[in-house]
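J.: The structure follows.
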Amino acid sequence: MTFFDNFASIRLIAAHRGFRGHFPENTMAAFLASIGRCHFLELDVQMSRDNVPMVIHDPTLERTSDARLRRQSLGVRSLRVGEWNLEQLKKLDCGSWFVATDPFATIADGSVTVDDLRRLLPQRMPTLEEVLTHPALSKVPINVEIKDHKGRPQHQHVAETVIAVIKKARAVERVLISSFNHDYLAIVKTFAPKVSVGVLQDGQHPEDLLEYLHALKASAYHPSEAIIDPATVKELRAAGFGVNVYTVNSPQRQQELFAMGVTAIFTDFPSLPA
């Protein structure tokens with residue numbers, strides 16, 4: 001069984017960091033709001049100082065939390081996720097920044113209101129385990145992207161730690177692990193052969209792409225929209241690989257990619273096809 005056996009068909013919509021066009025990314029609010037609007041969720045994992053997989057995209061806390069304001073009172077100087085422990089991270093508000101910055105101008109255009117968002121605050125940074133075991137999300141397929149920890153103490157064990165959490169949550173068959181650090185994917189397949197992996201890539205395709213994906217025992221290839229083309233999609237699909245393209249917010253472009261044979265689209269504005 002692979003991750004794609006969770007679905008009756010292809011042309012899948014993935015909620016990129018949840019419904020992040022309307023809600024603070026990688027929060028429970030964004031994930032819960034995407035239910036019914038997508039086939040699966042996508043989230044990112046960074047490791048805390050005490051080795052807990054936390055759901056946050058950036059290696060630093062500055063953009064999506066109030067860490068700069070709180071760090072002195074919490075006894076932390078750095079803004080790097082990996083230098084905060086779980087207890088400290090859980091005291092941060094990871095939602096107010098969205099109201100303050102309106103990153104997709106969805107407050108300005110009336111798609112979402114400040115009052116509705118403020119009722120959801122504060123949003124706390126979830127752990128991977130909390131997302132996987134949340135009652136409303138416990139059966140939702142999830143793409144877990146392991147962020148590159150190279151140069152950090154957690155680099156040596158991040159893949160094994162994430163796998164341990166997935167196994168504890170009994171989520172092996174509904175999780176797809178992806179990463180730009182392909183060494184992590186090889187480690188995942190060593191420790192958990194039944195977990196599906198997706199190879200993230202931007203800039204250009206690896207040489208001998210099919211051979212490369214076979215060597216990693218990948219189920220899917222995750223290219224950026226900029227480097228995908230019909231011939232590559234056709235070749236990958238014929239070889240049995242899923243092709244999941246990021247990040248595409250234009251409905252017209254999504255349909256063009258699906259017409260090429262793309263398996264899934266990552267989007268900040270998830271909406272199931274009519």
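By convention here, the chains of the structure tokens are called A, B, ... in the order presented, each chain's residues are numbered starting at 1, and ligands are numbered starting at 1 in the order presented.
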Using only C-alpha atoms, which residues of range 12-39 of chain A come within 12 Å of range 119-138 of chain A, and what is the closest atom pair for each, with the distance in Å to one decimal? Give it as a Markdown table, sorted by chain and residue number.
T.:
```
| residue | atom | partner | partner_atom | distance |
| --- | --- | --- | --- | --- |
| A:Arg17 | CA | A:Val131 | CA | 11.9 |
| A:Gly18 | CA | A:Val131 | CA | 11.3 |
| A:Phe23 | CA | A:Leu120 | CA | 9.5 |
| A:Pro24 | CA | A:Gln123 | CA | 8.3 |
| A:Glu25 | CA | A:Met125 | CA | 10.1 |
| A:Asn26 | CA | A:Met125 | CA | 7.8 |
| A:Thr27 | CA | A:Met125 | CA | 6.4 |
| A:Met28 | CA | A:Pro126 | CA | 7.1 |
| A:Ala29 | CA | A:Leu120 | CA | 7.2 |
| A:Ala30 | CA | A:Gln123 | CA | 9.9 |
| A:Phe31 | CA | A:Leu137 | CA | 8.2 |
| A:Leu32 | CA | A:Ala136 | CA | 7.4 |
| A:Ala33 | CA | A:Ala136 | CA | 10.7 |
| A:Ser34 | CA | A:Leu137 | CA | 10.3 |
| A:Ile35 | CA | A:Leu137 | CA | 8.3 |
| A:Gly36 | CA | A:Ala136 | CA | 11.3 |
| A:His39 | CA | A:Leu137 | CA | 11.9 |
```
J.: Select from range 54-92 of chain A everything DSSP, run on the backbone, classes as alpha helix (DSSP H), then give the selection as a PyMOL selection string.
T.: chain A and resi 67-74+86-89
J.: Counting only C-alpha atoms, what is within 7 Å of range 176-180 of chain A, bar same-chain residues fewer than 3 positions away, as a list in words?
T.: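 Here the qualifying residues turn out to be Phe3, Ile142, Asn143, Val144, Glu145, Ile146, Lys147, Asp148, Leu185, Val195, Ser196, Val197, Gly198, Val199, Leu200 and Gln201 of chain A.
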J.: Can you work out which one of A:Glu225, A:Glu211, A:Asp66, A:Glu173 has the shortest atom-to-atom distance to Thr2 in chain A, counting only C-alpha atoms?
T.: A:Glu173
J.: If you run DSSP on the backbone here, which positions in range 111-257 of chain A get strand (DSSP E)? Please write them as a list in words.
T.: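 Filtering range 111-257 of chain A down to strand (DSSP E) leaves Ile142, Asn143, Val144, Glu145, Ile146, Val175, Leu176, Ile177, Ser178, Ser179, Ser196, Val197, Gly198, Val199, Leu200, Gln201, Ala220, Tyr221, His222, Pro223, Gly242, Val243, Asn244 and Val245 of chain A.
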J.: For the selection just defined, write its residues with N, CA and C atoms to a file, as a short mmCIF file (atom, residue, chain, number, x, y, z; two decimals), in the first residue's frame.
T.:
```cif
data_model
loop_
_atom_site.label_atom_id
_atom_site.label_comp_id
_atom_site.auth_asym_id
_atom_site.auth_seq_id
_atom_site.Cartn_x
_atom_site.Cartn_y
_atom_site.Cartn_z
N ILE A 142 -2.04 12.99 5.33
CA ILE A 142 -1.20 14.16 5.59
C ILE A 142 0.18 13.98 4.97
N ASN A 143 0.62 15.00 4.26
CA ASN A 143 1.98 15.08 3.74
C ASN A 143 2.82 15.84 4.76
N VAL A 144 3.80 15.16 5.34
CA VAL A 144 4.69 15.76 6.32
C VAL A 144 6.01 16.10 5.63
N GLU A 145 6.29 17.39 5.52
CA GLU A 145 7.58 17.80 4.96
C GLU A 145 8.58 17.99 6.09
N ILE A 146 9.66 17.23 6.06
CA ILE A 146 10.74 17.41 7.03
C ILE A 146 11.68 18.48 6.49
N VAL A 175 0.26 8.73 5.83
CA VAL A 175 1.27 9.79 5.81
C VAL A 175 2.19 9.62 4.61
N LEU A 176 2.49 10.74 3.98
CA LEU A 176 3.51 10.83 2.93
C LEU A 176 4.58 11.76 3.45
N ILE A 177 5.81 11.30 3.52
CA ILE A 177 6.90 12.15 4.00
C ILE A 177 7.67 12.69 2.80
N SER A 178 7.87 14.00 2.79
CA SER A 178 8.65 14.63 1.73
C SER A 178 9.75 15.46 2.35
N SER A 179 10.76 15.78 1.53
CA SER A 179 11.85 16.64 2.00
C SER A 179 12.72 17.04 0.81
N SER A 196 5.27 6.01 2.72
CA SER A 196 5.51 6.54 1.38
C SER A 196 6.35 7.82 1.48
N VAL A 197 7.23 8.01 0.49
CA VAL A 197 8.04 9.23 0.48
C VAL A 197 7.90 9.95 -0.85
N GLY A 198 7.99 11.28 -0.79
CA GLY A 198 7.92 12.13 -1.97
C GLY A 198 9.18 12.98 -2.05
N VAL A 199 9.76 13.05 -3.24
CA VAL A 199 11.03 13.74 -3.45
C VAL A 199 10.77 15.18 -3.88
N LEU A 200 11.05 16.12 -2.99
CA LEU A 200 10.87 17.54 -3.29
C LEU A 200 12.04 18.07 -4.11
N GLN A 201 11.72 18.90 -5.11
CA GLN A 201 12.78 19.39 -5.99
C GLN A 201 12.40 20.74 -6.58
N ALA A 220 6.40 9.22 -4.95
CA ALA A 220 5.99 10.43 -5.66
C ALA A 220 7.17 11.38 -5.85
N TYR A 221 7.00 12.24 -6.83
CA TYR A 221 7.94 13.32 -7.12
C TYR A 221 7.20 14.64 -6.90
N HIS A 222 7.84 15.58 -6.18
CA HIS A 222 7.21 16.85 -5.84
C HIS A 222 8.02 18.00 -6.45
N PRO A 223 7.80 18.29 -7.73
CA PRO A 223 8.54 19.39 -8.36
C PRO A 223 7.82 20.72 -8.17
N GLY A 242 3.62 9.10 -8.46
CA GLY A 242 2.74 10.25 -8.36
C GLY A 242 3.52 11.51 -8.66
N VAL A 243 2.84 12.50 -9.19
CA VAL A 243 3.48 13.80 -9.48
C VAL A 243 2.66 14.87 -8.77
N ASN A 244 3.22 15.43 -7.71
CA ASN A 244 2.53 16.40 -6.88
C ASN A 244 3.24 17.75 -7.00
N VAL A 245 2.57 18.74 -7.55
CA VAL A 245 3.21 20.00 -7.93
C VAL A 245 2.87 21.11 -6.94
#
```
J.: Rounded to one decimal place, report the CA of His57 in chain A-CA of Phe7 in chain A distance in Å.
T.: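 Result for CA of His57 in chain A versus CA of Phe7 in chain A: 26.2 Å, one decimal.
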J.: At what distance in Å, to one decimal, does CA of Ala218 in chain A lie from CA of Ala159 in chain A?
T.: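 That distance, rounded to one decimal, is 15.4 Å.
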J.: May I ask which of the residues A:Asp93, A:Asp102, A:Asp202, A:Glu83 is the closest one to Ser65 in chain A, counting only C-alpha atoms?
T.: A:Asp93
J.: Name all residues at most 10 Å from range 60-63 of chain A (count only C-alpha atoms; drop same-chain ones fewer than 3 positions away) and give them as a PyMOL selection string.
T.: chain A and resi 46+56-57+66-69+78-84+89+92+94+97-98+101
J.: Pick from A:Val172, A:Ala105, A:Ile187, A:Leu272: nearest to Arg20 in chain A, with only C-alpha atoms counted?
T.: A:Ala105
J.: Quick one: everything within 12 Å of Pro251 in chain A, counting only C-alpha atoms, minus sequence neighbours fewer than 6 positions away in the same chain. Send it as a PyMOL selection string.
T.: chain A and resi 13+257-258+265-274
J.: Determine the nearest neighbour of Arg170 in chain A from the options A:Leu74, A:Asn85, A:Lys139, A:Leu209, counting only C-alpha atoms.
T.: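 Closest candidate: A:Lys139.
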